[in-house]
$ cat structure29.cif   # mmCIF, C-alpha atoms, pLDDT in the B column; chains and numbers go by the auth columns
data_upload
#
loop_
_atom_site.group_PDB
_atom_site.id
_atom_site.type_symbol
_atom_site.label_atom_id
_atom_site.label_comp_id
_atom_site.label_asym_id
_atom_site.label_seq_id
_atom_site.Cartn_x
_atom_site.Cartn_y
_atom_site.Cartn_z
_atom_site.B_iso_or_equiv
_atom_site.auth_seq_id
_atom_site.auth_asym_id
ATOM 1 C CA MET A 1 -0.553 68.925 93.729 76.00 1 A
ATOM 2 C CA THR A 2 -2.958 66.501 92.083 84.00 2 A
ATOM 3 C CA VAL A 3 -1.363 63.640 90.153 91.00 3 A
ATOM 4 C CA SER A 4 -3.594 61.989 87.570 94.00 4 A
ATOM 5 C CA ILE A 5 -3.518 58.206 87.218 97.00 5 A
ATOM 6 C CA LYS A 6 -5.001 57.165 83.877 98.00 6 A
ATOM 7 C CA SER A 7 -7.329 54.183 83.529 98.00 7 A
ATOM 8 C CA PRO A 8 -6.681 51.570 80.827 97.00 8 A
ATOM 9 C CA ALA A 9 -9.509 53.115 78.784 98.00 9 A
ATOM 10 C CA GLU A 10 -8.008 56.596 79.093 98.00 10 A
ATOM 11 C CA ILE A 11 -4.600 55.299 78.062 98.00 11 A
ATOM 12 C CA GLU A 12 -6.154 53.802 74.927 98.00 12 A
ATOM 13 C CA LEU A 13 -7.560 57.231 74.059 98.00 13 A
ATOM 14 C CA MET A 14 -4.168 58.805 74.653 98.00 14 A
ATOM 15 C CA ARG A 15 -2.606 56.144 72.468 98.00 15 A
ATOM 16 C CA GLU A 16 -4.636 57.447 69.525 98.00 16 A
ATOM 17 C CA SER A 17 -3.490 61.045 70.062 98.00 17 A
ATOM 18 C CA CYS A 18 0.090 59.858 70.418 98.00 18 A
ATOM 19 C CA ARG A 19 -0.133 57.789 67.241 98.00 19 A
ATOM 20 C CA ILE A 20 -1.088 60.958 65.376 98.00 20 A
ATOM 21 C CA VAL A 21 1.890 62.778 66.912 99.00 21 A
ATOM 22 C CA SER A 22 4.205 59.957 65.856 98.00 22 A
ATOM 23 C CA ASP A 23 2.823 59.945 62.332 98.00 23 A
ATOM 24 C CA VAL A 24 3.249 63.717 62.032 98.00 24 A
ATOM 25 C CA ILE A 25 6.900 63.504 63.044 98.00 25 A
ATOM 26 C CA LYS A 26 7.508 60.688 60.580 98.00 26 A
ATOM 27 C CA LEU A 27 5.734 62.612 57.806 98.00 27 A
ATOM 28 C CA VAL A 28 7.480 65.913 58.453 99.00 28 A
ATOM 29 C CA GLY A 29 10.795 64.116 58.758 98.00 29 A
ATOM 30 C CA THR A 30 10.536 62.949 55.149 98.00 30 A
ATOM 31 C CA GLN A 31 10.371 66.588 54.020 98.00 31 A
ATOM 32 C CA ILE A 32 13.287 67.979 56.012 98.00 32 A
ATOM 33 C CA LYS A 33 15.888 68.993 53.458 98.00 33 A
ATOM 34 C CA PRO A 34 17.661 72.139 52.305 98.00 34 A
ATOM 35 C CA GLY A 35 15.361 74.621 50.557 98.00 35 A
ATOM 36 C CA VAL A 36 12.138 73.753 52.393 98.00 36 A
ATOM 37 C CA SER A 37 10.463 76.509 54.423 98.00 37 A
ATOM 38 C CA THR A 38 9.340 75.981 57.987 99.00 38 A
ATOM 39 C CA ALA A 39 5.891 77.264 56.973 99.00 39 A
ATOM 40 C CA GLN A 40 5.610 74.401 54.475 98.00 40 A
ATOM 41 C CA LEU A 41 6.359 71.871 57.193 99.00 41 A
ATOM 42 C CA ASP A 42 3.808 73.476 59.500 99.00 42 A
ATOM 43 C CA MET A 43 1.075 73.389 56.864 99.00 43 A
ATOM 44 C CA LEU A 44 1.805 69.729 56.158 99.00 44 A
ATOM 45 C CA ALA A 45 1.497 68.891 59.857 99.00 45 A
ATOM 46 C CA GLU A 46 -1.722 70.803 60.423 99.00 46 A
ATOM 47 C CA ASP A 47 -3.399 69.298 57.376 99.00 47 A
ATOM 48 C CA PHE A 48 -2.489 65.803 58.545 99.00 48 A
ATOM 49 C CA ILE A 49 -3.678 66.327 62.129 99.00 49 A
ATOM 50 C CA ARG A 50 -7.019 67.702 60.990 99.00 50 A
ATOM 51 C CA SER A 51 -7.406 64.836 58.502 99.00 51 A
ATOM 52 C CA CYS A 52 -7.285 62.537 61.549 98.00 52 A
ATOM 53 C CA ASN A 53 -10.201 64.438 63.138 98.00 53 A
ATOM 54 C CA ALA A 54 -7.828 65.801 65.757 99.00 54 A
ATOM 55 C CA GLU A 55 -6.761 69.294 66.805 98.00 55 A
ATOM 56 C CA PRO A 56 -3.277 70.829 66.830 99.00 56 A
ATOM 57 C CA ALA A 57 -2.463 71.166 70.527 98.00 57 A
ATOM 58 C CA PHE A 58 -0.133 74.143 70.259 98.00 58 A
ATOM 59 C CA LYS A 59 -2.057 76.409 67.897 98.00 59 A
ATOM 60 C CA GLY A 60 -3.717 79.128 69.962 97.00 60 A
ATOM 61 C CA TYR A 61 -1.942 78.010 73.138 96.00 61 A
ATOM 62 C CA GLY A 62 -0.803 80.537 75.716 93.00 62 A
ATOM 63 C CA SER A 63 -1.765 82.639 78.716 92.00 63 A
ATOM 64 C CA ASP A 64 -1.546 86.010 76.959 93.00 64 A
ATOM 65 C CA PRO A 65 -4.515 86.509 74.587 94.00 65 A
ATOM 66 C CA LYS A 66 -2.401 88.997 72.623 93.00 66 A
ATOM 67 C CA ASN A 67 0.415 86.502 72.038 95.00 67 A
ATOM 68 C CA LEU A 68 -1.045 83.025 71.530 97.00 68 A
ATOM 69 C CA PHE A 69 1.155 80.518 69.730 98.00 69 A
ATOM 70 C CA PRO A 70 0.268 80.911 66.040 98.00 70 A
ATOM 71 C CA ALA A 71 1.272 77.554 64.564 99.00 71 A
ATOM 72 C CA THR A 72 0.829 73.782 64.707 99.00 72 A
ATOM 73 C CA LEU A 73 4.512 72.904 65.044 99.00 73 A
ATOM 74 C CA CYS A 74 7.257 74.352 67.170 99.00 74 A
ATOM 75 C CA ILE A 75 10.215 74.378 64.767 99.00 75 A
ATOM 76 C CA SER A 76 13.526 75.277 66.379 99.00 76 A
ATOM 77 C CA ILE A 77 16.748 75.504 64.372 99.00 77 A
ATOM 78 C CA ASP A 78 20.349 75.299 65.620 99.00 78 A
ATOM 79 C CA SER A 79 20.629 77.721 68.585 99.00 79 A
ATOM 80 C CA GLU A 80 16.843 77.807 68.993 99.00 80 A
ATOM 81 C CA VAL A 81 16.049 75.424 71.848 99.00 81 A
ATOM 82 C CA VAL A 82 12.252 75.158 71.688 99.00 82 A
ATOM 83 C CA HIS A 83 9.082 77.039 70.721 98.00 83 A
ATOM 84 C CA GLY A 84 10.355 78.366 67.412 99.00 84 A
ATOM 85 C CA ILE A 85 7.583 79.810 65.228 99.00 85 A
ATOM 86 C CA PRO A 86 7.342 78.493 61.643 99.00 86 A
ATOM 87 C CA GLY A 87 7.456 81.069 58.871 98.00 87 A
ATOM 88 C CA LYS A 88 9.465 82.071 55.821 97.00 88 A
ATOM 89 C CA ARG A 89 12.758 80.694 57.083 98.00 89 A
ATOM 90 C CA ILE A 90 14.337 78.201 54.689 99.00 90 A
ATOM 91 C CA LEU A 91 16.181 75.135 55.962 99.00 91 A
ATOM 92 C CA ARG A 92 19.866 75.073 55.073 99.00 92 A
ATOM 93 C CA ASP A 93 22.373 72.268 54.759 99.00 93 A
ATOM 94 C CA GLY A 94 24.239 71.672 58.010 99.00 94 A
ATOM 95 C CA GLU A 95 21.491 72.852 60.365 99.00 95 A
ATOM 96 C CA ILE A 96 19.656 70.773 62.938 99.00 96 A
ATOM 97 C CA VAL A 97 15.914 71.282 63.347 99.00 97 A
ATOM 98 C CA SER A 98 13.651 70.269 66.225 99.00 98 A
ATOM 99 C CA ILE A 99 10.077 69.339 65.308 99.00 99 A
ATOM 100 C CA ASP A 100 7.800 69.492 68.364 99.00 100 A
ATOM 101 C CA VAL A 101 4.136 68.608 67.915 99.00 101 A
ATOM 102 C CA GLY A 102 1.066 68.031 70.043 99.00 102 A
ATOM 103 C CA ALA A 103 -2.341 66.679 69.082 99.00 103 A
ATOM 104 C CA LYS A 104 -5.663 66.423 70.891 99.00 104 A
ATOM 105 C CA LYS A 105 -8.271 63.804 70.100 98.00 105 A
ATOM 106 C CA ASN A 106 -11.120 62.345 72.155 97.00 106 A
ATOM 107 C CA GLY A 107 -10.299 64.800 74.931 98.00 107 A
ATOM 108 C CA PHE A 108 -6.703 63.660 75.422 99.00 108 A
ATOM 109 C CA PHE A 109 -3.331 65.033 74.361 99.00 109 A
ATOM 110 C CA GLY A 110 -0.204 63.509 72.895 98.00 110 A
ATOM 111 C CA ASP A 111 3.148 65.308 72.700 98.00 111 A
ATOM 112 C CA GLY A 112 6.459 64.486 71.059 98.00 112 A
ATOM 113 C CA ALA A 113 9.591 65.963 69.535 98.00 113 A
ATOM 114 C CA PHE A 114 12.508 64.854 67.378 98.00 114 A
ATOM 115 C CA THR A 115 15.566 66.776 66.192 99.00 115 A
ATOM 116 C CA PHE A 116 16.636 66.075 62.619 99.00 116 A
ATOM 117 C CA PRO A 117 19.822 66.870 60.715 99.00 117 A
ATOM 118 C CA VAL A 118 19.380 68.918 57.542 99.00 118 A
ATOM 119 C CA GLY A 119 21.655 67.418 54.920 98.00 119 A
ATOM 120 C CA GLU A 120 25.213 66.900 56.154 97.00 120 A
ATOM 121 C CA VAL A 121 25.880 68.236 59.647 98.00 121 A
ATOM 122 C CA SER A 122 29.064 68.652 61.668 98.00 122 A
ATOM 123 C CA GLU A 123 30.451 65.952 63.939 98.00 123 A
ATOM 124 C CA GLU A 124 29.623 68.133 66.972 98.00 124 A
ATOM 125 C CA LYS A 125 25.980 68.325 65.929 99.00 125 A
ATOM 126 C CA ARG A 126 25.817 64.590 65.200 99.00 126 A
ATOM 127 C CA ARG A 127 27.152 63.878 68.668 99.00 127 A
ATOM 128 C CA LEU A 128 24.718 66.369 70.223 99.00 128 A
ATOM 129 C CA LEU A 129 21.817 64.556 68.556 99.00 129 A
ATOM 130 C CA ARG A 130 23.087 61.144 69.629 99.00 130 A
ATOM 131 C CA VAL A 131 23.659 62.155 73.246 99.00 131 A
ATOM 132 C CA THR A 132 20.298 63.918 73.566 99.00 132 A
ATOM 133 C CA LYS A 133 18.392 60.936 72.150 98.00 133 A
ATOM 134 C CA GLU A 134 20.328 58.537 74.375 98.00 134 A
ATOM 135 C CA SER A 135 19.530 60.689 77.412 99.00 135 A
ATOM 136 C CA LEU A 136 15.832 60.371 76.593 98.00 136 A
ATOM 137 C CA ASP A 137 16.123 56.597 76.336 98.00 137 A
ATOM 138 C CA ARG A 138 17.892 56.498 79.699 98.00 138 A
ATOM 139 C CA ALA A 139 15.173 58.659 81.229 98.00 139 A
ATOM 140 C CA VAL A 140 12.460 56.346 79.918 98.00 140 A
ATOM 141 C CA ASP A 141 14.238 53.404 81.578 97.00 141 A
ATOM 142 C CA GLN A 142 13.671 55.134 84.934 98.00 142 A
ATOM 143 C CA ALA A 143 9.951 55.828 84.385 98.00 143 A
ATOM 144 C CA LYS A 144 8.695 52.785 86.252 98.00 144 A
ATOM 145 C CA GLU A 145 6.544 52.278 89.319 98.00 145 A
ATOM 146 C CA GLY A 146 8.299 52.948 92.611 98.00 146 A
ATOM 147 C CA ASN A 147 10.945 55.241 91.184 98.00 147 A
ATOM 148 C CA ARG A 148 10.780 58.996 91.614 98.00 148 A
ATOM 149 C CA ILE A 149 10.817 61.969 89.265 98.00 149 A
ATOM 150 C CA GLY A 150 14.358 62.652 90.446 98.00 150 A
ATOM 151 C CA ASP A 151 15.488 59.300 89.051 98.00 151 A
ATOM 152 C CA ILE A 152 14.383 60.414 85.586 99.00 152 A
ATOM 153 C CA ALA A 153 16.055 63.794 86.033 99.00 153 A
ATOM 154 C CA PHE A 154 19.324 62.340 87.303 99.00 154 A
ATOM 155 C CA ALA A 155 19.508 59.822 84.461 99.00 155 A
ATOM 156 C CA VAL A 156 19.412 62.666 81.937 99.00 156 A
ATOM 157 C CA GLN A 157 21.697 65.106 83.723 99.00 157 A
ATOM 158 C CA SER A 158 24.410 62.658 84.738 98.00 158 A
ATOM 159 C CA TYR A 159 24.757 61.229 81.241 99.00 159 A
ATOM 160 C CA VAL A 160 24.571 64.526 79.351 99.00 160 A
ATOM 161 C CA GLU A 161 27.080 66.333 81.544 99.00 161 A
ATOM 162 C CA ALA A 162 29.491 63.384 81.445 99.00 162 A
ATOM 163 C CA GLU A 163 29.412 63.765 77.654 99.00 163 A
ATOM 164 C CA GLY A 164 30.397 67.434 77.927 98.00 164 A
ATOM 165 C CA PHE A 165 27.033 69.006 77.133 99.00 165 A
ATOM 166 C CA SER A 166 24.610 70.949 79.348 99.00 166 A
ATOM 167 C CA ILE A 167 20.981 70.585 80.408 98.00 167 A
ATOM 168 C CA VAL A 168 18.508 73.439 80.020 98.00 168 A
ATOM 169 C CA ARG A 169 17.084 74.257 83.447 97.00 169 A
ATOM 170 C CA ASP A 170 14.488 76.898 82.634 97.00 170 A
ATOM 171 C CA LEU A 171 12.247 74.418 80.791 98.00 171 A
ATOM 172 C CA VAL A 172 11.055 70.985 81.887 98.00 172 A
ATOM 173 C CA GLY A 173 8.895 68.049 80.905 98.00 173 A
ATOM 174 C CA HIS A 174 5.493 67.426 82.410 98.00 174 A
ATOM 175 C CA ALA A 175 2.650 65.035 83.001 98.00 175 A
ATOM 176 C CA ILE A 176 0.039 64.992 80.233 98.00 176 A
ATOM 177 C CA GLY A 177 -3.502 63.755 79.697 98.00 177 A
ATOM 178 C CA ARG A 178 -6.721 65.734 79.521 98.00 178 A
ATOM 179 C CA GLU A 179 -4.490 68.812 79.718 97.00 179 A
ATOM 180 C CA LEU A 180 -1.365 69.397 77.689 98.00 180 A
ATOM 181 C CA HIS A 181 0.573 70.289 80.842 97.00 181 A
ATOM 182 C CA GLU A 182 -0.325 68.496 84.068 97.00 182 A
ATOM 183 C CA ASP A 183 1.463 67.926 87.382 97.00 183 A
ATOM 184 C CA PRO A 184 4.064 66.843 88.200 97.00 184 A
ATOM 185 C CA GLN A 185 6.772 68.643 86.276 97.00 185 A
ATOM 186 C CA VAL A 186 9.545 66.407 84.933 98.00 186 A
ATOM 187 C CA PRO A 187 12.858 68.298 85.033 98.00 187 A
ATOM 188 C CA ASN A 188 15.958 67.041 83.261 98.00 188 A
ATOM 189 C CA TYR A 189 18.240 67.790 86.199 98.00 189 A
ATOM 190 C CA GLY A 190 18.063 66.730 89.823 97.00 190 A
ATOM 191 C CA LYS A 191 18.905 64.102 92.421 97.00 191 A
ATOM 192 C CA ALA A 192 18.048 60.425 92.275 98.00 192 A
ATOM 193 C CA GLY A 193 15.534 59.307 94.875 97.00 193 A
ATOM 194 C CA LYS A 194 13.900 62.725 95.173 97.00 194 A
ATOM 195 C CA GLY A 195 10.547 64.072 94.004 97.00 195 A
ATOM 196 C CA THR A 196 7.139 62.575 93.300 97.00 196 A
ATOM 197 C CA VAL A 197 6.841 58.790 93.497 98.00 197 A
ATOM 198 C CA LEU A 198 5.918 57.252 90.144 98.00 198 A
ATOM 199 C CA LYS A 199 2.810 55.084 89.997 98.00 199 A
ATOM 200 C CA GLU A 200 1.534 52.839 87.249 98.00 200 A
ATOM 201 C CA GLY A 201 -0.831 54.733 84.962 98.00 201 A
ATOM 202 C CA MET A 202 0.885 58.103 85.241 98.00 202 A
ATOM 203 C CA THR A 203 1.473 59.596 81.790 99.00 203 A
ATOM 204 C CA LEU A 204 4.527 61.787 81.308 99.00 204 A
ATOM 205 C CA ALA A 205 6.042 63.871 78.533 99.00 205 A
ATOM 206 C CA ILE A 206 9.777 63.430 79.047 99.00 206 A
ATOM 207 C CA GLU A 207 11.805 65.901 76.984 98.00 207 A
ATOM 208 C CA PRO A 208 15.529 66.501 77.402 99.00 208 A
ATOM 209 C CA MET A 209 16.733 69.832 75.989 99.00 209 A
ATOM 210 C CA VAL A 210 20.498 69.685 75.628 99.00 210 A
ATOM 211 C CA ASN A 211 22.872 72.508 74.695 99.00 211 A
ATOM 212 C CA ALA A 212 26.322 72.223 73.152 99.00 212 A
ATOM 213 C CA GLY A 213 27.510 75.149 75.294 98.00 213 A
ATOM 214 C CA THR A 214 26.079 76.842 78.364 98.00 214 A
ATOM 215 C CA PHE A 215 22.795 75.715 79.916 98.00 215 A
ATOM 216 C CA LYS A 216 21.620 79.339 79.973 98.00 216 A
ATOM 217 C CA VAL A 217 18.867 80.416 77.589 99.00 217 A
ATOM 218 C CA VAL A 218 17.042 83.622 76.675 99.00 218 A
ATOM 219 C CA THR A 219 13.674 84.421 75.118 98.00 219 A
ATOM 220 C CA ALA A 220 13.651 85.981 71.647 98.00 220 A
ATOM 221 C CA ALA A 221 11.765 89.139 70.695 97.00 221 A
ATOM 222 C CA ASP A 222 8.724 87.127 69.536 96.00 222 A
ATOM 223 C CA ARG A 223 8.266 86.137 73.222 96.00 223 A
ATOM 224 C CA TRP A 224 8.053 82.452 72.273 98.00 224 A
ATOM 225 C CA THR A 225 11.324 81.227 70.819 98.00 225 A
ATOM 226 C CA ILE A 226 13.875 80.126 73.414 99.00 226 A
ATOM 227 C CA VAL A 227 17.506 80.390 72.265 99.00 227 A
ATOM 228 C CA THR A 228 20.850 79.459 73.784 99.00 228 A
ATOM 229 C CA HIS A 229 22.610 82.316 75.541 99.00 229 A
ATOM 230 C CA ASP A 230 25.893 81.673 73.746 98.00 230 A
ATOM 231 C CA GLY A 231 24.469 80.948 70.295 98.00 231 A
ATOM 232 C CA LYS A 232 25.616 77.330 70.262 99.00 232 A
ATOM 233 C CA PRO A 233 23.289 74.585 68.966 99.00 233 A
ATOM 234 C CA SER A 234 20.675 72.769 71.011 99.00 234 A
ATOM 235 C CA ALA A 235 18.765 69.507 70.540 99.00 235 A
ATOM 236 C CA HIS A 236 15.373 68.365 71.838 99.00 236 A
ATOM 237 C CA PHE A 237 13.740 64.938 71.898 98.00 237 A
ATOM 238 C CA GLU A 238 10.448 64.046 73.588 98.00 238 A
ATOM 239 C CA TYR A 239 8.307 60.990 74.219 98.00 239 A
ATOM 240 C CA THR A 240 4.928 60.610 75.877 99.00 240 A
ATOM 241 C CA VAL A 241 5.153 57.533 78.104 99.00 241 A
ATOM 242 C CA VAL A 242 3.019 55.519 80.507 98.00 242 A
ATOM 243 C CA VAL A 243 4.589 54.516 83.805 98.00 243 A
ATOM 244 C CA ARG A 244 4.416 50.723 84.187 97.00 244 A
ATOM 245 C CA LYS A 245 5.552 48.301 86.899 95.00 245 A
ATOM 246 C CA ASN A 246 8.790 47.197 85.279 91.00 246 A
ATOM 247 C CA LYS A 247 9.350 49.385 82.229 89.00 247 A
ATOM 248 C CA ALA A 248 7.692 52.491 80.797 96.00 248 A
ATOM 249 C CA GLU A 249 5.554 52.147 77.694 97.00 249 A
ATOM 250 C CA VAL A 250 6.361 54.707 74.999 98.00 250 A
ATOM 251 C CA LEU A 251 3.187 55.957 73.290 98.00 251 A
ATOM 252 C CA THR A 252 4.871 58.204 70.722 96.00 252 A
ATOM 253 C CA VAL A 253 6.748 55.534 68.805 83.00 253 A
ATOM 254 C CA TYR A 254 9.261 56.727 66.216 77.00 254 A
ATOM 255 C CA ASN A 255 12.996 56.410 65.594 63.00 255 A
#
$ encode --input "structure29.cif" --output "structure tokens"
Amino acid sequence: MTVSIKSPAEIELMRESCRIVSDVIKLVGTQIKPGVSTAQLDMLAEDFIRSCNAEPAFKGYGSDPKNLFPATLCISIDSEVVHGIPGKRILRDGEIVSIDVGAKKNGFFGDGAFTFPVGEVSEEKRRLLRVTKESLDRAVDQAKEGNRIGDIAFAVQSYVEAEGFSIVRDLVGHAIGRELHEDPQVPNYGKAGKGTVLKEGMTLAIEPMVNAGTFKVVTAADRWTIVTHDGKPSAHFEYTVVVRKNKAEVLTVYN
């Protein structure tokens, strides 16, 4: 396994891609309300990315030429965990919606995700959002030189499970840079002190996927959308970060 350490100049290029990702999430977030279609959100995101002289990272992505991802955003609603395909679906009050976006500029990728409430949501969903976001923040605290991938994973899993939720195991985070997905993988479950040693200059996409019910997931008929096995809601938050000596630097900055 080859682990890429980014130079200061490369990190500056990644910072630009990540700024675009952050701005897309902020922009799309202003339009999340009942009655809006997921296709409208996707069009808004693609237009913005291209206006920045960047490319949507997800559009056309995939290993099967007959089933490449067709959109700019992954939009996943309620029991959809990740990789939902935008289309005619209309957002409804009480849902939660994950917006996952990647952008490529100057040869480098940025990646980020945020799960938003649509209108007024239930207390269970509010708590799911809070716990998932907090688990990401705790993971970022572990992304410092000398720690291991397992420290990130354990920080997420131990907190989430103590709160009564479950961690998706079939999908993981990843390193990122000149490729959207680089080594090492960054799982959200595992043992502290295990796995690849973190070094300054590594760039990681850390992305907890947390389910209200079982951790088990299935793939929908479109062969992209991942949904919870029991139909309960799921939340997803993601940052691209740089490993530093004392504290990770978050490149996709949004709240």
$ axis_aligned_box --input "structure29.cif" --around "region 206-215 of chain A" --padding-each-side "3 Å" --output "lines of an AutoDock Vina configuration file"
center_x = 18.6
center_y = 70.1
center_z = 76.5
size_x = 23.7
size_y = 19.4
size_z = 12.8
$ residues_around --input "structure29.cif" --residues "Met202 (chain A)" --least-positions-apart "5" --cutoff "7 Å" --atoms "only C-alpha atoms" --output "number ranges by chain"
A: 4-6, 242-243
$ resolve_selection --input "structure29.cif" --expression "the PyMOL selection byres ((chain A and resi 191) around 12)" --output "ChimeraX atom specification"
/A:147-158,187-190,192-196
$ closest_residue --input "structure29.cif" --among "A:Lys216, A:Lys26, A:Arg89, A:Arg223" --to "Phe48 (chain A)" --atoms "only C-alpha atoms"
A:Lys26
$ residues_around --input "structure29.cif" --residues "region 7-20 of chain A" --least-positions-apart "2" --cutoff "12 Å" --atoms "only C-alpha atoms" --output "ChimeraX atom specification"
/A:4-5,22-27,45-57,101-113,176-180,200-205,238-244,249-254
$ residues_around --input "structure29.cif" --residues "region 77-81 of chain A" --least-positions-apart "2" --cutoff "10 Å" --atoms "only C-alpha atoms" --output "CSV table (one decimal) with C-alpha atoms, in the frame of the given file"
chain,number,residue,atom,x,y,z
A,38,THR,CA,9.3,76.0,58.0
A,74,CYS,CA,7.3,74.4,67.2
A,75,ILE,CA,10.2,74.4,64.8
A,83,HIS,CA,9.1,77.0,70.7
A,84,GLY,CA,10.4,78.4,67.4
A,89,ARG,CA,12.8,80.7,57.1
A,91,LEU,CA,16.2,75.1,56.0
A,92,ARG,CA,19.9,75.1,55.1
A,94,GLY,CA,24.2,71.7,58.0
A,95,GLU,CA,21.5,72.9,60.4
A,96,ILE,CA,19.7,70.8,62.9
A,97,VAL,CA,15.9,71.3,63.3
A,98,SER,CA,13.7,70.3,66.2
A,99,ILE,CA,10.1,69.3,65.3
A,115,THR,CA,15.6,66.8,66.2
A,116,PHE,CA,16.6,66.1,62.6
A,117,PRO,CA,19.8,66.9,60.7
A,118,VAL,CA,19.4,68.9,57.5
A,125,LYS,CA,26.0,68.3,65.9
A,168,VAL,CA,18.5,73.4,80.0
A,171,LEU,CA,12.2,74.4,80.8
A,209,MET,CA,16.7,69.8,76.0
A,210,VAL,CA,20.5,69.7,75.6
A,211,ASN,CA,22.9,72.5,74.7
A,212,ALA,CA,26.3,72.2,73.2
A,213,GLY,CA,27.5,75.1,75.3
A,217,VAL,CA,18.9,80.4,77.6
A,218,VAL,CA,17.0,83.6,76.7
A,219,THR,CA,13.7,84.4,75.1
A,220,ALA,CA,13.7,86.0,71.6
A,225,THR,CA,11.3,81.2,70.8
A,226,ILE,CA,13.9,80.1,73.4
A,227,VAL,CA,17.5,80.4,72.3
A,228,THR,CA,20.8,79.5,73.8
A,229,HIS,CA,22.6,82.3,75.5
A,230,ASP,CA,25.9,81.7,73.7
A,231,GLY,CA,24.5,80.9,70.3
A,232,LYS,CA,25.6,77.3,70.3
A,233,PRO,CA,23.3,74.6,69.0
A,234,SER,CA,20.7,72.8,71.0
A,235,ALA,CA,18.8,69.5,70.5
A,236,HIS,CA,15.4,68.4,71.8
$ atom_distance --input "structure29.cif" --atom1 "CA of Glu145 (chain A)" --atom2 "CA of Val21 (chain A)"
25.2 Å
$ atom_distance --input "structure29.cif" --atom1 "CA of Gly60 (chain A)" --atom2 "CA of Phe114 (chain A)"
21.8 Å
$ residues_around --input "structure29.cif" --residues "Val186 (chain A)" --least-positions-apart "5" --cutoff "6 Å" --atoms "all atoms listed in the file" --output "PyMOL selection string"
chain A and resi 172-174
$ atom_distance --input "structure29.cif" --atom1 "CA of Val28 (chain A)" --atom2 "CA of Tyr159 (chain A)"
29.0 Å
$ closest_residue --input "structure29.cif" --among "A:Gly35, A:Glu207, A:Val3, A:Thr72" --to "Arg169 (chain A)" --atoms "only C-alpha atoms"
A:Glu207
$ closest_residue --input "structure29.cif" --among "A:Ala39, A:Leu73, A:Leu68, A:Val160" --to "Asp137 (chain A)" --atoms "all atoms listed in the file"
A:Val160
$ closest_residue --input "structure29.cif" --among "A:Gly164, A:Val140, A:Lys88, A:Asp93" --to "Glu124 (chain A)" --atoms "all atoms listed in the file"
A:Gly164
$ build_atoms --input "structure29.cif" --residues "region 119-131 of chain A" --atoms "N, CA and C atoms" --output "compact mmCIF listing (two decimals), keeping the file's coordinate frame"
# COMPACT_ATOMS: atom_id res chain seq x y z
N GLY A 119 20.51 67.74 55.76
CA GLY A 119 21.66 67.42 54.92
C GLY A 119 22.80 66.87 55.74
N GLU A 120 24.01 67.33 55.43
CA GLU A 120 25.21 66.90 56.15
C GLU A 120 25.52 67.89 57.28
N VAL A 121 25.61 67.37 58.50
CA VAL A 121 25.88 68.24 59.65
C VAL A 121 27.25 67.91 60.23
N SER A 122 27.74 68.81 61.07
CA SER A 122 29.06 68.65 61.67
C SER A 122 29.09 67.49 62.65
N GLU A 123 30.29 67.03 62.96
CA GLU A 123 30.45 65.95 63.94
C GLU A 123 29.92 66.38 65.30
N GLU A 124 30.14 67.65 65.69
CA GLU A 124 29.62 68.13 66.97
C GLU A 124 28.10 68.02 67.01
N LYS A 125 27.44 68.40 65.95
CA LYS A 125 25.98 68.32 65.93
C LYS A 125 25.50 66.88 65.92
N ARG A 126 26.20 66.00 65.20
CA ARG A 126 25.82 64.59 65.20
C ARG A 126 25.92 64.01 66.61
N ARG A 127 26.98 64.39 67.31
CA ARG A 127 27.15 63.88 68.67
C ARG A 127 26.11 64.47 69.61
N LEU A 128 25.77 65.74 69.42
CA LEU A 128 24.72 66.37 70.22
C LEU A 128 23.39 65.64 70.04
N LEU A 129 23.05 65.29 68.81
CA LEU A 129 21.82 64.56 68.56
C LEU A 129 21.86 63.19 69.22
N ARG A 130 22.97 62.49 69.07
CA ARG A 130 23.09 61.14 69.63
C ARG A 130 22.97 61.17 71.15
N VAL A 131 23.67 62.08 71.79
CA VAL A 131 23.66 62.16 73.25
C VAL A 131 22.28 62.54 73.76
